[in-house]
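Undergrad: If it helps, the file is called data26.txt and holds compact mmCIF, C-alpha atoms:
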# COMPACT_ATOMS: atom_id res chain seq x y z
CA MET A 1 0.52 -0.34 39.05
CA ASN A 2 4.25 -0.41 39.63
CA LEU A 3 6.47 2.25 38.16
CA THR A 4 10.21 1.93 37.93
CA ALA A 5 12.53 4.48 39.49
CA ASP A 6 13.36 5.85 36.03
CA GLN A 7 9.68 6.31 35.21
CA LEU A 8 9.00 8.04 38.52
CA ALA A 9 11.95 10.37 37.92
CA LEU A 10 10.51 11.35 34.53
CA LEU A 11 7.10 12.00 36.05
CA GLU A 12 8.65 14.38 38.55
CA GLU A 13 9.82 16.65 35.74
CA ASP A 14 7.81 19.68 34.60
CA ALA A 15 7.03 18.30 31.15
CA HIS A 16 5.72 14.81 30.59
CA ARG A 17 5.83 12.82 27.39
CA ILE A 18 3.33 10.03 27.51
CA GLY A 19 2.13 7.56 24.92
CA VAL A 20 -1.35 6.10 25.33
CA PHE A 21 -1.63 2.53 24.08
CA PHE A 22 -4.70 0.52 23.17
CA ARG A 23 -4.96 -3.17 22.36
CA LEU A 24 -8.00 -5.13 21.25
CA LYS A 25 -7.48 -8.88 21.07
CA VAL A 26 -9.42 -9.85 17.99
CA SER A 27 -7.79 -11.66 15.10
CA PRO A 28 -5.53 -10.01 14.02
CA ILE A 29 -4.86 -8.07 17.23
CA VAL A 30 -5.54 -4.35 16.83
CA ARG A 31 -2.73 -2.29 18.33
CA LEU A 32 -3.07 1.50 18.29
CA TRP A 33 -1.53 4.40 20.11
CA LEU A 34 -2.38 8.04 20.45
CA GLY A 35 0.82 9.39 18.91
CA ILE A 36 1.98 10.10 15.37
CA GLY A 37 3.65 7.39 13.33
CA HIS A 38 4.17 3.81 14.35
CA ILE A 39 6.05 2.50 17.35
CA ALA A 40 7.25 -0.86 18.66
CA PRO A 41 7.23 -0.45 22.45
CA GLY A 42 8.55 -3.95 23.04
CA ASP A 43 6.01 -4.81 25.73
CA VAL A 44 6.47 -8.23 27.31
CA SER A 45 2.87 -9.16 26.58
CA ASP A 46 3.37 -8.61 22.84
CA PRO A 47 5.44 -10.70 20.44
CA ASP A 48 8.77 -9.26 19.40
CA GLY A 49 8.46 -6.35 17.02
CA ALA A 50 4.70 -5.84 17.48
CA ILE A 51 3.88 -2.43 16.07
CA TYR A 52 1.29 0.00 17.42
CA GLN A 53 -0.19 2.22 14.73
CA GLY A 54 -0.53 5.92 15.27
CA ALA A 55 -1.33 8.87 13.06
CA GLY A 56 -4.67 9.65 14.57
CA GLN A 57 -6.31 6.28 14.21
CA LEU A 58 -7.06 6.21 17.89
CA THR A 59 -8.44 9.70 18.41
CA GLY A 60 -10.29 9.58 21.68
CA VAL A 61 -9.60 7.84 24.94
CA PRO A 62 -12.07 8.56 27.72
CA ASP A 63 -11.25 9.51 31.27
CA PHE A 64 -11.44 6.51 33.51
CA ASP A 65 -11.19 5.77 37.21
CA GLN A 66 -9.59 2.97 39.05
CA LEU A 67 -12.30 1.11 40.92
CA LEU A 68 -12.14 1.90 44.64
CA ASN A 69 -15.47 1.26 46.33
CA ALA A 70 -17.06 3.01 43.40
CA MET A 71 -19.28 2.34 40.46
CA ALA A 72 -17.82 0.24 37.68
CA GLN A 73 -17.46 2.09 34.42
CA ARG A 74 -18.15 1.47 30.81
CA LEU A 75 -15.65 3.13 28.47
CA GLU A 76 -16.04 4.22 24.88
CA PHE A 77 -13.00 4.41 22.59
CA PHE A 78 -13.09 6.41 19.39
CA LEU A 79 -11.31 5.07 16.33
CA SER A 80 -11.25 7.19 13.21
CA GLY A 81 -9.57 7.25 9.84
CA VAL A 82 -10.26 5.10 6.84
CA SER A 83 -7.33 2.75 7.10
CA ALA A 84 -7.98 -0.80 6.05
CA GLN A 85 -7.30 -2.06 9.55
CA VAL A 86 -9.85 0.14 11.25
CA MET A 87 -12.46 -0.57 8.60
CA ALA A 88 -11.75 -4.29 8.82
CA LEU A 89 -12.19 -4.09 12.56
CA ALA A 90 -15.53 -2.39 12.14
CA ASP A 91 -16.71 -4.63 9.36
CA GLU A 92 -15.24 -8.11 9.33
CA SER A 93 -14.16 -8.35 12.96
CA SER A 94 -17.23 -6.81 14.54
CA ASP A 95 -18.56 -10.20 15.57
CA GLN A 96 -15.26 -10.92 17.37
CA VAL A 97 -15.36 -7.76 19.42
CA ARG A 98 -17.77 -8.95 22.06
CA ASP A 99 -15.84 -10.33 25.04
CA ALA A 100 -12.51 -9.68 23.36
CA ASP A 101 -9.85 -8.38 25.75
CA VAL A 102 -9.39 -4.60 25.68
CA ASP A 103 -6.24 -3.18 27.26
CA LEU A 104 -5.48 0.48 27.84
CA GLY A 105 -2.11 1.62 29.09
CA ILE A 106 0.54 4.27 28.98
CA GLY A 107 4.19 4.38 28.06
CA ILE A 108 6.34 6.97 29.78
CA MET A 109 8.81 8.57 27.40
CA ASP A 110 11.97 10.54 27.93
CA ALA A 111 12.93 13.80 26.24
CA LYS A 112 14.12 11.83 23.21
CA TRP A 113 10.67 10.26 22.78
CA GLN A 114 11.97 6.83 23.75
CA ILE A 115 9.85 4.64 26.00
CA VAL A 116 11.43 4.15 29.41
CA GLY A 117 10.62 0.90 31.16
CA PRO A 118 7.68 -1.35 30.40
CA LEU A 119 4.24 -0.21 29.33
CA VAL A 120 1.90 0.34 32.27
CA TRP A 121 -1.47 -1.25 31.59
CA LEU A 122 -3.98 0.76 33.58
CA TRP A 123 -7.31 -0.69 32.54
CA ARG A 124 -8.32 -4.09 31.28
CA GLY A 125 -11.80 -4.75 30.04
CA TYR A 126 -13.88 -6.59 27.52
CA GLY A 127 -15.31 -5.41 24.24
CA ASP A 128 -19.06 -5.13 23.93
CA TYR A 129 -20.15 -3.59 20.65
CA LEU A 130 -19.05 -1.31 17.84
CA ARG A 131 -21.00 1.69 16.65
CA PHE A 132 -20.54 3.72 13.48
CA ALA A 133 -21.02 7.46 13.35
CA GLN A 134 -20.59 9.66 10.32
CA GLN A 135 -20.41 13.43 10.53
CA ALA A 136 -21.63 14.71 7.19
CA ALA A 137 -19.58 17.37 5.46
CA ASP A 138 -21.01 20.89 5.28
CA GLY A 139 -20.10 21.05 1.61
CA PRO A 140 -17.51 19.97 -0.93
CA ASP A 141 -14.80 22.03 0.82
CA SER A 142 -15.04 20.07 4.04
CA ILE A 143 -14.42 16.45 4.88
CA THR A 144 -16.95 13.89 6.01
CA SER A 145 -15.55 12.34 9.15
CA ARG A 146 -16.26 8.78 10.10
CA VAL A 147 -15.79 7.47 13.62
CA VAL A 148 -16.03 3.96 14.94
CA THR A 149 -16.84 3.78 18.64
CA LEU A 150 -15.95 0.73 20.69
CA SER A 151 -17.88 0.30 23.92
CA ALA A 152 -16.07 -1.75 26.52
CA GLY A 153 -16.71 -2.76 30.09
CA SER A 154 -14.80 -4.47 32.82
CA ARG A 155 -15.74 -7.61 34.73
CA LEU A 156 -17.41 -5.39 37.32
CA THR A 157 -19.38 -3.27 34.86
CA GLU A 158 -22.29 -5.64 34.67
CA ARG A 159 -22.00 -7.24 38.06
CA ARG A 160 -25.39 -5.92 39.12
CA ARG A 161 -27.16 -6.28 35.81
CA GLY A 162 -26.84 -9.60 34.03
CA ARG A 163 -25.80 -9.46 30.44
CA ASN A 164 -28.46 -10.49 27.97
CA SER A 165 -27.69 -13.57 25.98
CA TYR A 166 -29.77 -16.01 24.03
CA LEU A 167 -29.91 -19.72 23.46
CA THR A 168 -28.67 -19.26 19.92
CA ASP A 169 -25.82 -21.12 18.34
CA GLY A 170 -23.68 -17.98 18.20
CA ASP A 171 -24.15 -17.04 21.85
CA GLN A 172 -23.66 -20.61 23.02
CA LYS A 173 -20.40 -20.98 21.12
CA ARG A 174 -19.25 -17.68 22.58
CA ARG A 175 -20.01 -18.97 26.09
CA ALA A 176 -18.50 -22.40 25.44
CA PRO A 177 -16.38 -22.62 22.28
CA GLY A 178 -17.11 -25.77 20.32
CA ASP A 179 -20.34 -26.56 22.15
CA ARG A 180 -22.96 -27.71 19.62
CA PHE A 181 -25.88 -27.81 22.05
CA CYS A 182 -27.77 -24.95 20.38
CA GLU A 183 -26.80 -25.45 16.78
CA ARG A 184 -30.28 -26.68 15.78
CA VAL A 185 -32.15 -23.90 17.56
CA THR A 186 -32.86 -22.02 14.35
CA LEU A 187 -34.70 -25.09 13.00
CA TYR A 188 -37.26 -24.70 15.76
CA SER A 189 -38.19 -21.09 15.08
CA ASN A 190 -41.75 -20.70 13.82
CA PHE A 191 -42.29 -24.35 14.58
CA THR A 192 -45.26 -25.71 16.51
CA LYS A 193 -44.83 -28.91 18.39
CA PRO A 194 -48.21 -30.36 19.38
CA TRP A 195 -48.34 -31.83 22.82
CA PRO A 196 -48.85 -35.58 22.60
CA ILE A 197 -52.50 -36.52 22.96
CA LEU A 198 -52.94 -39.43 25.24
CA ASN A 199 -55.48 -42.03 24.19
CA THR A 200 -57.96 -42.44 26.93
CA MET B 1 2.40 1.62 -0.27
CA THR B 2 2.12 2.88 -3.83
CA ALA B 3 4.75 5.24 -5.16
CA ALA B 4 3.58 8.77 -4.48
CA VAL B 5 3.75 11.44 -7.18
CA GLU B 6 6.14 14.28 -6.37
CA PHE B 7 4.84 17.84 -6.43
CA PRO B 8 6.73 19.44 -9.38
CA ARG B 9 9.89 21.18 -8.26
CA ALA B 10 9.37 23.62 -11.13
CA LEU B 11 6.50 25.02 -9.09
CA LEU B 12 8.65 25.71 -6.02
CA ARG B 13 8.24 29.43 -6.68
CA GLU B 14 6.68 30.29 -3.34
CA HIS B 15 6.96 33.73 -1.84
CA GLU B 16 6.57 32.34 1.66
CA GLY B 17 7.02 28.83 2.96
CA ARG B 18 6.65 27.13 6.32
CA TRP B 19 7.41 23.62 7.58
CA SER B 20 6.31 22.97 11.16
CA LEU B 21 6.18 19.98 13.47
CA ARG B 22 2.74 19.99 15.01
CA GLY B 23 1.92 18.13 18.19
CA ASN B 24 -0.70 17.56 20.79
CA ILE B 25 0.07 19.25 24.09
CA ILE B 26 -2.09 19.33 27.18
CA SER B 27 -1.46 22.00 29.74
CA GLY B 28 -2.84 22.31 33.22
CA GLY B 29 -2.78 26.06 32.85
CA GLN B 30 -0.56 28.68 34.38
CA THR B 31 -0.70 28.86 38.16
CA ALA B 32 -0.14 31.94 40.28
CA ALA B 33 3.26 30.56 41.21
CA GLY B 34 4.15 30.30 37.55
CA ALA B 35 4.55 26.53 37.61
CA PHE B 36 2.62 24.48 35.14
CA THR B 37 3.00 21.00 33.82
CA ARG B 38 2.65 20.19 30.16
CA ILE B 39 1.91 16.76 28.82
CA SER B 40 2.74 15.88 25.27
CA MET B 41 1.13 12.80 23.74
CA ASP B 42 1.95 13.21 20.06
CA GLY B 43 5.00 10.98 20.00
CA GLY B 44 7.21 13.62 18.40
CA GLY B 45 4.86 15.51 16.10
CA VAL B 46 3.73 15.50 12.51
CA TRP B 47 4.94 17.69 9.64
CA GLN B 48 2.65 20.39 8.38
CA MET B 49 3.73 22.61 5.48
CA GLN B 50 2.35 25.66 3.75
CA TYR B 51 3.56 27.47 0.64
CA ASP B 52 1.96 30.84 -0.08
CA GLY B 53 2.28 33.10 -3.07
CA ILE B 54 3.49 30.45 -5.53
CA ALA B 55 3.85 32.61 -8.62
CA LEU B 56 2.33 30.83 -11.60
CA ARG B 57 3.20 33.04 -14.56
CA THR B 58 3.41 30.83 -17.63
CA ARG B 59 1.08 28.48 -19.47
CA GLU B 60 3.24 25.53 -18.35
CA HIS B 61 3.03 26.61 -14.71
CA ILE B 62 -0.76 26.86 -14.83
CA LEU B 63 -1.23 23.52 -16.58
CA MET B 64 1.23 21.78 -14.25
CA GLY B 65 -0.48 23.27 -11.21
CA ARG B 66 -3.91 22.21 -12.40
CA ALA B 67 -2.70 18.68 -13.06
CA VAL B 68 -1.15 18.26 -9.63
CA GLU B 69 -4.28 19.69 -8.03
CA ARG B 70 -6.34 16.98 -9.72
CA ILE B 71 -3.80 14.29 -8.74
CA ALA B 72 -4.01 15.39 -5.09
CA ASP B 73 -7.71 14.60 -5.38
CA GLY B 74 -8.78 16.83 -2.54
CA GLY B 75 -6.46 15.11 -0.08
CA VAL B 76 -7.16 11.49 -1.00
CA THR B 77 -3.90 10.86 -2.86
CA PRO B 78 -0.61 11.31 -1.00
CA LEU B 79 1.99 13.49 -2.72
CA ILE B 80 5.66 13.98 -2.02
CA MET B 81 5.86 17.64 -1.09
CA PRO B 82 9.38 18.88 -1.82
CA MET B 83 11.38 21.37 0.16
CA CYS B 84 14.15 23.55 -1.19
CA ASP B 85 16.61 24.42 1.58
CA THR B 86 19.85 24.67 -0.40
CA ARG B 87 20.86 27.91 1.30
CA TYR B 88 21.04 26.20 4.70
CA ALA B 89 22.06 22.68 3.61
CA PRO B 90 25.62 21.52 4.39
CA VAL B 91 28.21 22.41 1.75
CA ILE B 92 29.51 19.06 0.55
CA THR B 93 32.94 18.64 -0.99
CA LEU B 94 34.33 15.53 -2.64
CA ASN B 95 38.12 15.36 -2.58
CA GLY B 96 38.16 19.07 -1.87
CA VAL B 97 35.82 20.05 -4.72
CA PRO B 98 32.28 21.30 -3.91
CA VAL B 99 29.65 19.00 -5.35
CA SER B 100 25.92 19.48 -5.57
CA GLU B 101 24.83 16.42 -7.48
CA THR B 102 26.16 13.13 -8.76
CA ASP B 103 26.27 11.88 -12.32
CA PRO B 104 22.82 10.78 -13.49
CA LEU B 105 22.21 7.04 -13.38
CA PRO B 106 21.20 5.28 -16.63
CA HIS B 107 18.69 2.46 -17.01
CA SER B 108 19.90 -1.13 -16.53
CA ASP B 109 20.80 -1.28 -20.25
CA ASP B 110 22.94 1.86 -19.89
CA ALA B 111 20.43 3.92 -21.88
CA PHE B 112 19.32 7.36 -20.69
CA PHE B 113 15.96 9.06 -21.10
CA SER B 114 15.17 10.65 -24.47
CA ASP B 115 16.44 14.03 -23.24
CA ASP B 116 19.74 12.38 -22.21
CA SER B 117 18.89 12.76 -18.51
CA GLY B 118 19.13 9.89 -16.03
CA TYR B 119 17.92 9.05 -12.57
CA ALA B 120 18.94 11.46 -9.82
CA GLN B 121 20.66 9.96 -6.82
CA SER B 122 21.68 11.10 -3.41
CA LEU B 123 25.24 12.28 -2.98
CA GLY B 124 25.66 9.64 -0.29
CA ALA B 125 28.06 11.74 1.73
CA VAL B 126 26.66 10.75 5.14
CA ALA B 127 25.59 7.22 6.08
CA PHE B 128 24.20 5.38 9.10
CA THR B 129 26.99 3.44 10.81
CA GLY B 130 24.54 0.94 12.29
CA ALA B 131 20.90 0.01 12.10
CA ALA B 132 18.47 2.44 13.71
CA ALA B 133 15.19 1.32 15.23
CA LEU B 134 11.70 2.52 14.42
CA HIS B 135 10.98 5.74 16.35
CA ALA B 136 14.65 6.34 17.17
CA THR B 137 15.70 9.97 17.59
CA GLU B 138 19.42 9.49 18.10
CA PHE B 139 21.83 7.43 16.03
CA PRO B 140 25.45 7.44 14.86
CA VAL B 141 26.41 8.42 11.32
CA GLU B 142 29.69 8.72 9.45
CA ILE B 143 30.97 10.90 6.67
CA VAL B 144 31.83 8.67 3.73
CA ASP B 145 35.49 8.59 2.66
CA GLY B 146 36.43 11.42 0.33
CA TYR B 147 33.57 13.67 1.35
CA ASP B 148 33.72 16.58 3.73
CA LEU B 149 30.93 18.61 5.25
CA THR B 150 29.80 20.16 8.51
CA LEU B 151 26.56 19.03 10.09
CA ASP B 152 24.64 21.56 12.17
CA ALA B 153 21.46 21.58 14.17
CA GLY B 154 18.64 23.08 12.14
CA GLN B 155 19.55 21.33 8.89
CA TYR B 156 17.10 19.03 7.17
CA PHE B 157 17.60 15.68 5.49
CA SER B 158 15.36 13.10 3.86
CA LEU B 159 15.31 9.31 3.94
CA ILE B 160 13.44 7.03 1.58
CA HIS B 161 11.93 4.23 3.65
CA PRO B 162 10.75 0.95 2.08
CA THR B 163 7.18 1.32 3.42
CA GLN B 164 6.76 4.93 4.48
CA GLY B 165 8.48 6.39 1.42
CA LYS B 166 10.26 9.74 1.51
CA ARG B 167 10.31 11.38 4.94
CA LEU B 168 11.73 14.65 6.21
CA TYR B 169 13.81 14.94 9.38
CA SER B 170 15.30 17.91 11.14
CA ILE B 171 18.63 17.75 12.99
CA ILE B 172 18.38 19.19 16.48
CA GLY B 173 21.73 18.10 17.84
CA VAL B 174 25.16 17.00 16.58
CA GLN B 175 27.77 15.42 18.85
CA ASP B 176 31.18 14.46 17.55
CA VAL B 177 32.64 11.82 19.87
CA ASP B 178 35.74 9.86 18.88
CA ASP B 179 35.16 10.20 15.13
CA THR B 180 31.55 9.11 15.56
CA ILE B 181 28.88 11.66 14.83
CA MET B 182 25.74 11.27 16.94
CA LEU B 183 22.74 12.94 15.33
CA THR B 184 19.63 13.83 17.29
CA ILE B 185 16.60 14.40 15.12
CA ARG B 186 12.91 15.20 15.11
CA PRO B 187 10.47 13.73 14.35
CA PRO B 188 11.39 10.16 15.39
CA LEU B 189 12.26 7.79 12.56
CA ARG B 190 9.10 6.73 10.78
CA GLU B 191 10.61 3.34 9.98
CA ALA B 192 13.64 1.30 10.99
CA VAL B 193 16.79 2.07 8.97
CA ASP B 194 19.54 -0.33 7.89
CA ALA B 195 23.23 0.34 8.37
CA GLY B 196 24.77 2.07 5.37
CA THR B 197 21.62 3.99 4.41
CA THR B 198 22.59 7.43 3.20
CA LEU B 199 21.09 10.74 4.26
CA ASP B 200 19.94 13.07 1.48
CA PHE B 201 20.51 16.76 2.21
CA ARG B 202 19.55 18.02 -1.27
CA ASP B 203 16.43 16.29 -2.50
CA LEU B 204 14.23 17.03 0.51
CA GLY B 205 10.59 16.12 0.79
CA CYS B 206 7.91 14.25 2.68
CA VAL B 207 4.84 12.16 1.82
CA MET B 208 1.85 14.34 2.63
CA VAL B 209 -1.82 14.87 1.88
CA LEU B 210 -3.82 18.07 1.62
CA GLN B 211 -5.11 19.05 5.01
CA SER B 212 -8.54 19.89 3.61
CA PRO B 213 -9.99 19.53 0.10
CA ALA B 214 -9.65 23.23 -0.70
CA ASP B 215 -5.97 23.52 0.26
CA MET B 216 -4.73 23.48 -3.34
CA ASP B 217 -7.40 25.60 -5.02
CA MET B 218 -6.06 27.74 -7.85
CA THR B 219 -7.71 31.09 -8.60
CA LEU B 220 -6.69 32.72 -11.87
CA SER B 221 -6.20 36.46 -12.00
CA LEU B 222 -7.43 38.03 -15.26
CA ARG B 223 -7.62 34.43 -16.53
CA ARG B 224 -3.85 34.40 -16.88
CA THR B 225 -1.72 34.10 -13.78
CA ALA B 226 -2.18 32.89 -10.25
CA SER B 227 -0.71 33.38 -6.81
CA TRP B 228 -1.19 29.88 -5.48
CA SER B 229 -1.22 28.44 -1.97
CA VAL B 230 -0.72 24.85 -0.90
CA LYS B 231 -1.16 23.42 2.59
CA ALA B 232 -0.50 19.78 3.46
CA ILE B 233 0.08 17.50 6.41
CA GLU B 234 2.27 14.41 6.72
CA TYR B 235 0.63 11.13 5.80
CA ILE B 236 1.61 7.90 7.55
CA TYR B 237 0.94 4.70 5.63
CA PRO B 238 -0.80 2.15 7.85
CA VAL B 239 1.00 -1.13 8.48
CA MET B 240 -0.91 -4.38 8.43
Go through the file and emit its structure as structure tokens.

TA:
Amino acid sequence: MNLTADQLALLEEDAHRIGVFFRLKVSPIVRLWLGIGHIAPGDVSDPDGAIYQGAGQLTGVPDFDQLLNAMAQRLEFFLSGVSAQVMALADESSDQVRDADVDLGIGIMDAKWQIVGPLVWLWRGYGDYLRFAQQAADGPDSITSRVVTLSAGSRLTERRRGRNSYLTDGDQKRRAPGDRFCERVTLYSNFTKPWPILNT
Amino acid sequence: MTAAVEFPRALLREHEGRWSLRGNIISGGQTAAGAFTRISMDGGGVWQMQYDGIALRTREHILMGRAVERIADGGVTPLIMPMCDTRYAPVITLNGVPVSETDPLPHSDDAFFSDDSGYAQSLGAVAFTGAAALHATEFPVEIVDGYDLTLDAGQYFSLIHPTQGKRLYSIIGVQDVDDTIMLTIRPPLREAVDAGTTLDFRDLGCVMVLQSPADMDMTLSLRRTASWSVKAIEYIYPVM
């Protein structure tokens, strides 16, 4: 993590203004940040004018540690709101989430709420699964809140424990895009192949 | 974005009103030495408003209030919540004569509405001299020829954005450098602005939703009048 001199100077002040940025590389790429309103931070890894959505869509970012002779972590991100993009992520794009790149970073802002220097990407991982949770309203005067949780790990998260996968067409294509080796697997379910009987 | 319905200005009869920019601040707590660091992650804040004691005295007031309560739909439908700040708005003169509004605009066929009224339009006394980026908080403006006014910190203005609709901004700093006026505002611009866009200091408002479903409940007193309260929070349209 390299910070510019301007960023370090801002971090030495008493009050810090920091934007937390989240990017999930499904199609289309989900870009969210923890602030209010939308922002185009102009990060070099994004196309020109890429906009990160705010307004509470990304509501919870967990604490995380940099890995230094320690245990690799799994992180859970909380996405809320009923915007079409978040619902599309949870519904239509859920099958794309597994193994999709997840980036978490910060933007250091000055007193005018302008981002100084490039975004600093602190954690890079891979999506695993999405989970829905719905907090029922106590009554008509309160609001039912719906939260989508994205579980993500890094390359080191499952170093000790192998990730389960199956010889299904979907898993095989995820491992090797375009590979048709397992595409007929479903034809063999509930199928009994008698062993050839040799004539003696 | 669909065009949001505006809360009726005829119901701006509040006894008390508040517009606040709310944020999300994390503090490490006060130390014995008095030093403490605060971290703000809200990106400039979000508008929250509250009108209390809106005096609904007539049949028209009550019916209008009920209708807008149903349109708000418990916070599902965004509304443009208006603000009346005429007392503190800049006094605008055109060729030396104070002006408060422009001539109403007719339809494209030059016809007016049935009550001979037309479309209201901004005075257009102050305009952006260049384009301003999304999330900008400082930009140059100019006073249009013929107009005269004094801009001060603390004044409000509204912009109508193509996607985000009507938004409210507060001036926190004015610098006059070589005939260029640099405005510093909060919250940051909700959408990029083209050069020549005019600032509206009269018709103020912001797209908002009710903060909770009961924030526009009307309780009638003796089945006749009501002292009404409304509480709403800024709504940001998602971009795809």

Undergrad: At a cut-off of 10 Å, can you tabulate as JSON lines every residue of chain A near chain B together with its closest atom pair and the distance in Å to one decimal, using all atoms listed in the file and ordering rows by chain then number?

TA:
{"residue": "A:Glu12", "atom": "CA", "partner": "B:Thr37", "partner_atom": "CA", "distance": 9.9}
{"residue": "A:Glu13", "atom": "CA", "partner": "B:Thr37", "partner_atom": "CA", "distance": 8.3}
{"residue": "A:Asp14", "atom": "CA", "partner": "B:Thr37", "partner_atom": "CA", "distance": 5.0}
{"residue": "A:Ala15", "atom": "CA", "partner": "B:Arg38", "partner_atom": "CA", "distance": 4.9}
{"residue": "A:His16", "atom": "CA", "partner": "B:Ile39", "partner_atom": "CA", "distance": 4.6}
{"residue": "A:Arg17", "atom": "CA", "partner": "B:Ser40", "partner_atom": "CA", "distance": 4.8}
{"residue": "A:Ile18", "atom": "CA", "partner": "B:Met41", "partner_atom": "CA", "distance": 5.2}
{"residue": "A:Gly19", "atom": "CA", "partner": "B:Met41", "partner_atom": "CA", "distance": 5.5}
{"residue": "A:Val20", "atom": "CA", "partner": "B:Met41", "partner_atom": "CA", "distance": 7.3}
{"residue": "A:Pro28", "atom": "CA", "partner": "B:Met240", "partner_atom": "CA", "distance": 9.2}
{"residue": "A:Val30", "atom": "CA", "partner": "B:Met240", "partner_atom": "CA", "distance": 9.6}
{"residue": "A:Trp33", "atom": "CA", "partner": "B:Gly43", "partner_atom": "CA", "distance": 9.3}
{"residue": "A:Leu34", "atom": "CA", "partner": "B:Asp42", "partner_atom": "CA", "distance": 6.8}
{"residue": "A:Gly35", "atom": "CA", "partner": "B:Asp42", "partner_atom": "CA", "distance": 4.1}
{"residue": "A:Ile36", "atom": "CA", "partner": "B:Gly43", "partner_atom": "CA", "distance": 5.6}
{"residue": "A:Gly37", "atom": "CA", "partner": "B:Arg190", "partner_atom": "CA", "distance": 6.1}
{"residue": "A:His38", "atom": "CA", "partner": "B:Arg190", "partner_atom": "CA", "distance": 6.8}
{"residue": "A:Ile39", "atom": "CA", "partner": "B:His135", "partner_atom": "CA", "distance": 6.0}
{"residue": "A:Ala40", "atom": "CA", "partner": "B:Leu134", "partner_atom": "CA", "distance": 7.0}
{"residue": "A:Pro41", "atom": "CA", "partner": "B:His135", "partner_atom": "CA", "distance": 9.5}
{"residue": "A:Gly49", "atom": "CA", "partner": "B:Leu134", "partner_atom": "CA", "distance": 9.8}
{"residue": "A:Ile51", "atom": "CA", "partner": "B:Val239", "partner_atom": "CA", "distance": 8.2}
{"residue": "A:Tyr52", "atom": "CA", "partner": "B:Val239", "partner_atom": "CA", "distance": 9.0}
{"residue": "A:Gln53", "atom": "CA", "partner": "B:Pro238", "partner_atom": "CA", "distance": 6.9}
{"residue": "A:Gly54", "atom": "CA", "partner": "B:Ile236", "partner_atom": "CA", "distance": 8.3}
{"residue": "A:Ala55", "atom": "CA", "partner": "B:Ile236", "partner_atom": "CA", "distance": 6.3}
{"residue": "A:Gly56", "atom": "CA", "partner": "B:Asp42", "partner_atom": "CA", "distance": 9.3}
{"residue": "A:Gln57", "atom": "CA", "partner": "B:Pro238", "partner_atom": "CA", "distance": 9.4}
{"residue": "A:Val82", "atom": "CA", "partner": "B:Pro238", "partner_atom": "CA", "distance": 10.0}
{"residue": "A:Ser83", "atom": "CA", "partner": "B:Pro238", "partner_atom": "CA", "distance": 6.6}
{"residue": "A:Ala84", "atom": "CA", "partner": "B:Pro238", "partner_atom": "CA", "distance": 8.0}
{"residue": "A:Gln85", "atom": "CA", "partner": "B:Met240", "partner_atom": "CA", "distance": 6.9}
{"residue": "A:Val86", "atom": "CA", "partner": "B:Pro238", "partner_atom": "CA", "distance": 9.9}
{"residue": "A:Gly107", "atom": "CA", "partner": "B:Met41", "partner_atom": "CA", "distance": 9.9}
{"residue": "A:Ile108", "atom": "CA", "partner": "B:Met41", "partner_atom": "CA", "distance": 9.9}
{"residue": "A:Met109", "atom": "CA", "partner": "B:Gly43", "partner_atom": "CA", "distance": 8.7}
{"residue": "A:Ala111", "atom": "CA", "partner": "B:Gly44", "partner_atom": "CA", "distance": 9.7}
{"residue": "A:Lys112", "atom": "CA", "partner": "B:Thr137", "partner_atom": "CA", "distance": 6.1}
{"residue": "A:Trp113", "atom": "CA", "partner": "B:Gly43", "partner_atom": "CA", "distance": 6.4}
{"residue": "A:Gln114", "atom": "CA", "partner": "B:Ala136", "partner_atom": "CA", "distance": 7.1}
{"residue": "A:Ile115", "atom": "CA", "partner": "B:His135", "partner_atom": "CA", "distance": 9.8}
{"residue": "A:Pro140", "atom": "CA", "partner": "B:Pro213", "partner_atom": "CA", "distance": 7.6}
{"residue": "A:Asp141", "atom": "CA", "partner": "B:Pro213", "partner_atom": "CA", "distance": 5.5}
{"residue": "A:Ser142", "atom": "CA", "partner": "B:Pro213", "partner_atom": "CA", "distance": 6.4}
{"residue": "A:Ile143", "atom": "CA", "partner": "B:Ser212", "partner_atom": "CA", "distance": 6.9}

Undergrad: Could you work out how far CA of Ala55 (chain B) lies from CA of Arg13 (chain B), giving the answer in Å with one decimal?

TA: 5.8 Å

Undergrad: Could you check the closest approach to Asp152 (chain B) for each of B:Val174, B:Glu60, B:Pro106, B:Met49 and tell me which residue wins, using all atoms listed in the file?

TA: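 Of B:Val174, B:Glu60, B:Pro106, B:Met49, the one nearest Asp152 (chain B), counting all atoms listed in the file, is B:Val174.
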
Undergrad: Applying 8 Å and only C-alpha atoms, which residues near Glu6 (chain B) remain after dropping the ones on its own chain fewer than 2 positions away? List them as an MDAnalysis selection string.

TA: chainID B and resid 4 8 79:82

Undergrad: Using CA of Phe181 (chain A) and CA of Lys25 (chain A) as the two end points, give the distance in Å to one decimal.

TA: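 Atom-to-atom, CA of Phe181 (chain A) to CA of Lys25 (chain A), that is 26.4 Å.
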
Undergrad: Do you have the CA of Asp171 (chain A)-CA of Leu32 (chain A) distance handy?

TA: 28.3 Å

Undergrad: Counting all atoms listed in the file, which of B:Ala195, B:Met216, B:Leu222, B:Ile181 gets nearest to Ala67 (chain B)?

TA: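 Going through B:Ala195, B:Met216, B:Leu222, B:Ile181 one by one, the smallest distance to Ala67 (chain B) is for B:Met216.
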